[in-house]
Amino acid sequence: MNYALVAVEKTAYSFDRLFAYRVPAGLAVGAGVRVLVPFGTGKRPPRVGVVFRVCDELPDDADPRRLKAIAEVLDGTPVLGEDTLVTAAYLREHCFCTWYEAVRCQMPVGLTHRVRRAFIATPPSNEEAEPIDTARSPDEQQLLDYLRQRGTYVREDALRKDLGLSTDSPALTSLLHQGLVIESAEALRRIGEASERTARPVPQDEPGAVKLTVRQREVLALLEEFEALTVREICAWTGYTPAVVLALEKKGLLEIYDSAVYRLPESPPAAAEPEPGALTPAQKKVARALWRKITQQKPMTALLHGVTGSGKTQVYLALAEAVLKAGRGVMLLVPEIALTPQLLAQVRLRFGDSDAAGVALFHSALAAGERADAWRRVLDGKAQLVVGTRSAVFAPLDHIGLIVMDEEQEDSYKSGSAPRYDTREIAKLRAKHHGALLLLASATPSVESYAAALQGKYSLHVLPERYGSAVLPEVQIVDMEAENYGKQPSLFSQALTHAVDETLSRGEQVILLLNRRGYNTFAVCRTCRKVVTCPQCSISLTYHAAENRLLCHYCGYSRSFSTLCEQCRNSSVQYYGFGTQRAQEQLAALFPQARVLRMDADSVVQKGSHARILEAFRSCESDILIGTQMVAKGLDFENVTLVGVLSVDAQLHDDDYRSLERTFSLITQVVGRAGRGEKHGHAILQTLTPEETTLALAARQDYTAFFRTEIAIRKALVYPPFCTLYALGFACVNRTAAESAARFALDFLRARGHAGKMIILGPMPARIEKAGGKFRFRLILKTHASPQIRALLSALLITLGKSREYAEVSVSIGRNPAEIL
């Protein structure tokens, strides 16, 4: 007898494991297929699971008396390969998630299944109507009468719509237990496969025996030449209607069937990208060194550090071309959706049409069906080049030779929800599995990556100069305190206003950075000084002028703006601060002839909006592009000669050990957007603290000097790379319960931890103490990653999960997270 070890959905971490199931005779089950399995006691609906291993011996911890059989196999062939299952095991151990969560995060939502339940009443025991049982509740009797009247299986959504009953209602549970209602369950794909009507000829014993019209003969000849064509293609090719094809089917001369097709995302506009030039001697030297590493087919990590505009993209695209020609797969990862149109355009220039070249695109703005089909194209071997954001690292690409992480320092490569993984670590794991090179590329590498390169853990490759004749822009730092002294505060200094005016007069373009979206950043009562805050979060609401609403950027709560103060009842609420919407309005007033585009989270809601905005700016349909950090990284526009940073003071003084690193990176990156062609570039940096060393170093783009300063601070304060940092979060609608769970965790770690091997900070309220209606507390653990530490943290999660006292508290653990709560 065979047994399968299955990861089952909707299990709690405190009792999660690979569950053993019996494989019924005649059922084809293998690792990587999805199955439907019974789970739990009583008449509970089946659950979806993923088979990790099939064995002929029952595991020691499995009770043969309680063993259940797999109910149904959902896949004809495995959809998850060994690589995916190995990655799932890593995620389970390092990210403290369930086995199924570790698999689920690697698959696009369109490929997942949901279990749909349906119910039917059993017929009465005799031919006459069964008398009403007075022991039944009114809800039970109403449900039973309804189901018997319908006389067929009724889906759960119909019960909810017609009777307002959920599938876990006491009435339904009771009737199921009494045997008066029977349940059926089926697993359905959330997004079905796309298909198209296709025709192919049927072999004939006596060709020519059937009389055909001229049109029918022409269609049949076309099909015999191409073997199979879609009905749409036949009609387009011949100019005939589908009736001709259907007539041939009736005569038995061809067969019409549904063939699977791939839903492809809309290609970005054909950008006027310059043809890729020849590599410079410095680029060739780096490319040759990296190619030698690729040909060794051993897992390695390399860091490509080059100033902005040095041509890092051309280096890794040249490597990608060589890897693809060698028959191996390539992954190109970028941190932002906004960067994918530009990268795809460069790929199309080098490799031809992206679809024909076998390119699969992955990011969250694609429709669910498009993401599912991109996965299928890679799994079927139809795409060998993967382009996308964080989730693309899980694409089922085989024989990987190169993985590139562009702008590798960006926080968006780290997942903020369970499982909280770091894309860099997943990429390392996949490179190890395939014997591939992981190439980290950036003008401002993370402190951890650069330290690893200096220590020899990564190989370091440097491009110290810009490509061609381009030079780094000159940077001017403007003291906004002195600028606004004795005057009405303005978002635009005289120096920036004058520079924008001169740039526009030359027919050149401007990029402006303001890392705050909305119109105003907060609203306050001028009488009692109360700030208008979100009722579910402990942060101020941001005013959005277009909708005249106050919006919470954490939970999405919104309400109409009113001048009436809820506390003192005076009509004296006003909004203050600057966001991108207000900056855009002021630009229109200052430069009425200028065409201004805004790029932030509010302006890119619609599908394809990233590509449309960037293409409009590239084709000079706009003069000024203002936005949040979306405009700071990776964009390459030759006509941009001026960059303005309106304010970075809030980020510079943020409550996070990486605030200086993030500020340096942001300024260096956005300043680097200017002067990337033959025209000289200029940048203006506005700040209230012009004496800050970090700003001066970013203005000079002196990463080496910044690293020396930052690494000394990290070492003195014991922060990564000198430790592994775990952030433990505790959230609950009850503040006392959240704080109590955090204190329990502190005592647990102190009692079982190794003295001297960890530093624990807290518990303390999170930086945003209340978010989404829940109070949040945190513990910060500084230690060194080891199996023992991970086992200790896992034991803590299991203990808290089994405790009734903390049943309502959500607990999360993040390793070196992007945000320390």
# chains A, B, ... in the order shown; residues from 1 in each chain; ligands from 1
>>> select_by_dssp(residues="range 312-501 of chain A", states="strand (DSSP E)", output="number ranges by chain")
A: 329-333, 359-362, 385-388, 400-406, 437-442, 459-463, 474-479
>>> residues_around(residues="Gln567 in chain A", least_positions_apart="6", cutoff="9 Å", atoms="only C-alpha atoms", output="NGL selection string")
:A and (525 or 528 or 530)
>>> atom_distance(atom1="CA of Leu18 in chain A", atom2="CA of Val6 in chain A")
5.1 Å
>>> residues_around(residues="Arg292 in chain A", least_positions_apart="6", cutoff="12 Å", atoms="only C-alpha atoms", output="tab-separated table (two decimals) with all heavy atoms, in the first residue's frame")
chain	number	residue	atom	x	y	z
A	285	LYS	N	34.78	43.86	-19.91
A	285	LYS	CA	35.59	43.21	-18.87
A	285	LYS	C	34.71	42.57	-17.81
A	285	LYS	O	34.93	41.42	-17.40
A	285	LYS	CB	36.54	44.23	-18.23
A	285	LYS	CG	37.43	43.66	-17.14
A	285	LYS	CD	38.33	44.74	-16.55
A	285	LYS	CE	39.18	44.18	-15.42
A	285	LYS	NZ	40.05	45.24	-14.82
A	286	VAL	N	33.69	43.30	-17.38
A	286	VAL	CA	32.76	42.77	-16.38
A	286	VAL	C	31.97	41.59	-16.96
A	286	VAL	O	31.81	40.55	-16.31
A	286	VAL	CB	31.81	43.88	-15.89
A	286	VAL	CG1	30.67	43.29	-15.07
A	286	VAL	CG2	32.58	44.91	-15.06
A	298	LYS	N	28.11	26.39	-11.44
A	298	LYS	CA	28.12	26.23	-10.00
A	298	LYS	C	27.36	27.40	-9.39
A	298	LYS	O	27.43	28.52	-9.89
A	298	LYS	CB	29.56	26.20	-9.46
A	298	LYS	CG	30.38	25.01	-9.93
A	298	LYS	CD	31.79	25.08	-9.35
A	298	LYS	CE	32.63	23.90	-9.81
A	298	LYS	NZ	34.02	23.99	-9.29
A	300	MET	N	26.67	30.56	-7.63
A	300	MET	CA	27.50	31.69	-7.19
A	300	MET	C	26.63	32.93	-7.09
A	300	MET	O	25.59	33.03	-7.74
A	300	MET	CB	28.65	31.95	-8.17
A	300	MET	CG	29.63	30.82	-8.35
A	300	MET	SD	30.96	31.28	-9.49
A	300	MET	CE	31.78	29.70	-9.70
A	302	ALA	N	27.10	37.20	-7.40
A	302	ALA	CA	27.98	38.30	-7.78
A	302	ALA	C	27.25	39.62	-7.58
A	302	ALA	O	26.03	39.69	-7.72
A	302	ALA	CB	28.42	38.15	-9.24
A	319	LEU	N	24.56	39.17	-21.07
A	319	LEU	CA	24.72	37.86	-20.43
A	319	LEU	C	23.49	37.00	-20.63
A	319	LEU	O	23.60	35.80	-20.90
A	319	LEU	CB	24.98	38.06	-18.93
A	319	LEU	CG	26.34	38.63	-18.54
A	319	LEU	CD1	26.36	38.96	-17.05
A	319	LEU	CD2	27.46	37.65	-18.87
A	322	ALA	N	23.46	35.39	-24.04
A	322	ALA	CA	24.39	34.26	-24.14
A	322	ALA	C	23.86	33.03	-23.41
A	322	ALA	O	24.00	31.90	-23.89
A	322	ALA	CB	25.75	34.67	-23.57
A	323	VAL	N	23.23	33.24	-22.25
A	323	VAL	CA	22.68	32.12	-21.47
A	323	VAL	C	21.54	31.45	-22.23
A	323	VAL	O	21.45	30.22	-22.30
A	323	VAL	CB	22.21	32.61	-20.08
A	323	VAL	CG1	21.43	31.51	-19.35
A	323	VAL	CG2	23.40	33.05	-19.25
A	436	ALA	N	23.28	28.00	-10.91
A	436	ALA	CA	23.16	29.25	-11.68
A	436	ALA	C	23.90	30.38	-10.99
A	436	ALA	O	24.29	30.28	-9.82
A	436	ALA	CB	21.69	29.62	-11.85
A	437	LEU	N	24.07	31.46	-11.72
A	437	LEU	CA	24.66	32.68	-11.17
A	437	LEU	C	23.55	33.62	-10.74
A	437	LEU	O	22.64	33.92	-11.53
A	437	LEU	CB	25.54	33.37	-12.20
A	437	LEU	CG	26.09	34.76	-11.79
A	437	LEU	CD1	27.12	34.61	-10.67
A	437	LEU	CD2	26.70	35.49	-12.98
>>> atom_distance(atom1="CA of Gly151 in chain A", atom2="CA of Glu186 in chain A")
19.2 Å
>>> atom_distance(atom1="CA of Arg526 in chain A", atom2="CA of Tyr543 in chain A")
16.2 Å
>>> residues_around(residues="Thr663 in chain A", least_positions_apart="6", cutoff="10 Å", atoms="only C-alpha atoms", output="compact mmCIF listing (two decimals) with N, CA, C and O atoms, in the first residue's frame")
# COMPACT_ATOMS: atom_id res chain seq x y z
N VAL A 648 13.17 65.30 1.67
CA VAL A 648 13.47 63.94 2.13
C VAL A 648 13.67 63.90 3.64
O VAL A 648 14.09 62.89 4.19
N ASP A 649 13.35 64.98 4.32
CA ASP A 649 13.66 65.07 5.75
C ASP A 649 12.91 64.04 6.58
O ASP A 649 13.46 63.48 7.53
N ALA A 650 11.64 63.77 6.24
CA ALA A 650 10.88 62.78 7.01
C ALA A 650 11.52 61.41 6.92
O ALA A 650 11.64 60.69 7.92
N GLN A 651 11.96 61.01 5.73
CA GLN A 651 12.58 59.69 5.56
C GLN A 651 13.96 59.66 6.21
O GLN A 651 14.35 58.65 6.79
N LEU A 652 14.69 60.77 6.14
CA LEU A 652 16.03 60.82 6.71
C LEU A 652 16.01 60.57 8.21
O LEU A 652 16.91 59.93 8.76
N HIS A 653 14.98 61.05 8.89
CA HIS A 653 14.91 60.94 10.35
C HIS A 653 13.87 59.91 10.79
O HIS A 653 13.31 60.01 11.88
N ASP A 654 13.63 58.94 9.96
CA ASP A 654 12.66 57.89 10.27
C ASP A 654 13.18 57.01 11.40
O ASP A 654 14.39 56.88 11.63
N GLN A 669 19.65 57.56 -6.44
CA GLN A 669 18.93 57.00 -7.58
C GLN A 669 18.20 58.09 -8.36
O GLN A 669 18.26 58.14 -9.59
N THR A 694 24.90 62.50 5.17
CA THR A 694 24.31 61.57 4.19
C THR A 694 23.88 62.29 2.93
O THR A 694 24.05 61.78 1.82
N LEU A 695 23.34 63.50 3.07
CA LEU A 695 22.90 64.25 1.90
C LEU A 695 24.08 64.66 1.03
O LEU A 695 24.02 64.58 -0.21
N ALA A 698 25.35 61.59 -0.83
CA ALA A 698 24.44 61.22 -1.91
C ALA A 698 24.58 62.20 -3.08
O ALA A 698 24.52 61.79 -4.25
>>> closest_atom_pairs(of="range 402-468 of chain A", to="range 807-818 of chain A", cutoff="10 Å", atoms="only C-alpha atoms", output="tab-separated table")
residue	atom	partner	partner_atom	distance
A:Glu410	CA	A:Ala818	CA	8.8
A:Asp411	CA	A:Ala818	CA	5.2
A:Ser412	CA	A:Ala818	CA	7.6
A:Tyr413	CA	A:Ala818	CA	8.6
A:Lys414	CA	A:Ala818	CA	6.1
A:Ser415	CA	A:Ala818	CA	8.0
A:Gly416	CA	A:Ala818	CA	7.4
A:Ser417	CA	A:Ser812	CA	9.0
A:Ala418	CA	A:Ser812	CA	8.0
A:Pro419	CA	A:Gly814	CA	8.7
A:Arg420	CA	A:Gly814	CA	5.9
A:Tyr421	CA	A:Arg815	CA	8.0
A:Asp422	CA	A:Pro817	CA	8.1
>>> decode(residues="range 688-721 of chain A", atoms="N, CA, C and O atoms", output="tab-separated table (two decimals), in the first residue's frame")
chain	number	residue	atom	x	y	z
A	688	LEU	N	15.63	70.69	5.09
A	688	LEU	CA	15.71	71.55	6.28
A	688	LEU	C	17.00	71.30	7.05
A	688	LEU	O	17.31	72.03	7.99
A	689	THR	N	17.75	70.27	6.66
A	689	THR	CA	18.98	69.91	7.37
A	689	THR	C	20.12	69.75	6.37
A	689	THR	O	20.60	68.65	6.12
A	690	PRO	N	20.57	70.84	5.77
A	690	PRO	CA	21.61	70.74	4.73
A	690	PRO	C	22.95	70.27	5.26
A	690	PRO	O	23.81	69.87	4.48
A	691	GLU	N	23.13	70.30	6.59
A	691	GLU	CA	24.41	69.89	7.16
A	691	GLU	C	24.56	68.38	7.28
A	691	GLU	O	25.64	67.88	7.61
A	692	GLU	N	23.51	67.62	7.00
A	692	GLU	CA	23.56	66.16	7.12
A	692	GLU	C	24.59	65.56	6.16
A	692	GLU	O	24.58	65.82	4.97
A	693	THR	N	25.49	64.74	6.74
A	693	THR	CA	26.55	64.11	5.94
A	693	THR	C	25.98	63.22	4.84
A	693	THR	O	26.49	63.18	3.72
A	694	THR	N	24.90	62.50	5.17
A	694	THR	CA	24.31	61.57	4.19
A	694	THR	C	23.88	62.29	2.93
A	694	THR	O	24.05	61.78	1.82
A	695	LEU	N	23.34	63.50	3.07
A	695	LEU	CA	22.90	64.25	1.90
A	695	LEU	C	24.08	64.66	1.03
A	695	LEU	O	24.02	64.58	-0.21
A	696	ALA	N	25.17	65.09	1.66
A	696	ALA	CA	26.36	65.49	0.90
A	696	ALA	C	26.96	64.31	0.16
A	696	ALA	O	27.37	64.43	-1.00
A	697	LEU	N	27.00	63.14	0.82
A	697	LEU	CA	27.55	61.95	0.17
A	697	LEU	C	26.67	61.51	-1.00
A	697	LEU	O	27.18	61.09	-2.05
A	698	ALA	N	25.35	61.59	-0.83
A	698	ALA	CA	24.44	61.22	-1.91
A	698	ALA	C	24.58	62.20	-3.08
A	698	ALA	O	24.52	61.79	-4.25
A	699	ALA	N	24.76	63.48	-2.77
A	699	ALA	CA	24.94	64.47	-3.83
A	699	ALA	C	26.18	64.17	-4.66
A	699	ALA	O	26.20	64.36	-5.88
A	700	ARG	N	27.24	63.66	-4.00
A	700	ARG	CA	28.48	63.30	-4.72
A	700	ARG	C	28.41	61.90	-5.30
A	700	ARG	O	29.33	61.49	-6.00
A	701	GLN	N	27.34	61.15	-4.99
A	701	GLN	CA	27.22	59.75	-5.38
A	701	GLN	C	28.44	58.96	-4.91
A	701	GLN	O	28.95	58.07	-5.62
A	702	ASP	N	28.85	59.22	-3.70
A	702	ASP	CA	30.04	58.57	-3.13
A	702	ASP	C	29.58	57.42	-2.24
A	702	ASP	O	29.53	57.54	-1.01
A	703	TYR	N	29.27	56.29	-2.87
A	703	TYR	CA	28.77	55.15	-2.11
A	703	TYR	C	29.83	54.59	-1.16
A	703	TYR	O	29.52	54.21	-0.02
A	704	THR	N	31.06	54.54	-1.59
A	704	THR	CA	32.13	53.94	-0.76
A	704	THR	C	32.27	54.69	0.55
A	704	THR	O	32.39	54.08	1.62
A	705	ALA	N	32.25	56.01	0.50
A	705	ALA	CA	32.37	56.80	1.74
A	705	ALA	C	31.15	56.59	2.62
A	705	ALA	O	31.27	56.49	3.85
A	706	PHE	N	29.98	56.55	1.99
A	706	PHE	CA	28.77	56.30	2.79
A	706	PHE	C	28.86	54.93	3.47
A	706	PHE	O	28.51	54.80	4.65
A	707	PHE	N	29.30	53.92	2.75
A	707	PHE	CA	29.37	52.57	3.32
A	707	PHE	C	30.31	52.55	4.53
A	707	PHE	O	29.99	51.93	5.55
A	708	ARG	N	31.45	53.21	4.43
A	708	ARG	CA	32.40	53.21	5.55
A	708	ARG	C	31.76	53.82	6.80
A	708	ARG	O	31.93	53.31	7.91
A	709	THR	N	30.99	54.89	6.61
A	709	THR	CA	30.33	55.54	7.75
A	709	THR	C	29.22	54.65	8.31
A	709	THR	O	29.12	54.44	9.54
A	710	GLU	N	28.41	54.09	7.44
A	710	GLU	CA	27.25	53.31	7.87
A	710	GLU	C	27.66	51.99	8.51
A	710	GLU	O	27.07	51.57	9.52
A	711	ILE	N	28.67	51.32	7.98
A	711	ILE	CA	29.06	50.02	8.52
A	711	ILE	C	29.63	50.17	9.93
A	711	ILE	O	29.46	49.29	10.78
A	712	ALA	N	30.28	51.30	10.20
A	712	ALA	CA	30.80	51.55	11.55
A	712	ALA	C	29.66	51.72	12.55
A	712	ALA	O	29.72	51.21	13.68
A	713	ILE	N	28.58	52.42	12.12
A	713	ILE	CA	27.41	52.59	12.99
A	713	ILE	C	26.73	51.24	13.24
A	713	ILE	O	26.37	50.91	14.37
A	714	ARG	N	26.57	50.44	12.19
A	714	ARG	CA	25.92	49.13	12.32
A	714	ARG	C	26.70	48.24	13.29
A	714	ARG	O	26.11	47.52	14.11
A	715	LYS	N	28.01	48.27	13.19
A	715	LYS	CA	28.83	47.43	14.07
A	715	LYS	C	28.71	47.87	15.52
A	715	LYS	O	28.57	47.03	16.43
A	716	ALA	N	28.73	49.17	15.76
A	716	ALA	CA	28.65	49.68	17.13
A	716	ALA	C	27.30	49.37	17.76
A	716	ALA	O	27.22	49.06	18.97
A	717	LEU	N	26.23	49.41	16.99
A	717	LEU	CA	24.88	49.21	17.52
A	717	LEU	C	24.36	47.79	17.32
A	717	LEU	O	23.22	47.49	17.70
A	718	VAL	N	25.17	46.91	16.74
A	718	VAL	CA	24.82	45.51	16.47
A	718	VAL	C	23.54	45.41	15.63
A	718	VAL	O	22.48	45.00	16.09
A	719	TYR	N	23.66	45.83	14.40
A	719	TYR	CA	22.59	45.68	13.41
A	719	TYR	C	23.16	44.93	12.21
A	719	TYR	O	24.37	44.84	12.04
A	720	PRO	N	22.29	44.36	11.37
A	720	PRO	CA	22.78	43.63	10.18
A	720	PRO	C	23.77	44.49	9.40
A	720	PRO	O	23.57	45.71	9.28
A	721	PRO	N	24.89	43.90	8.92
A	721	PRO	CA	25.17	42.46	8.79
A	721	PRO	C	25.84	41.82	10.01
A	721	PRO	O	26.35	40.70	9.88
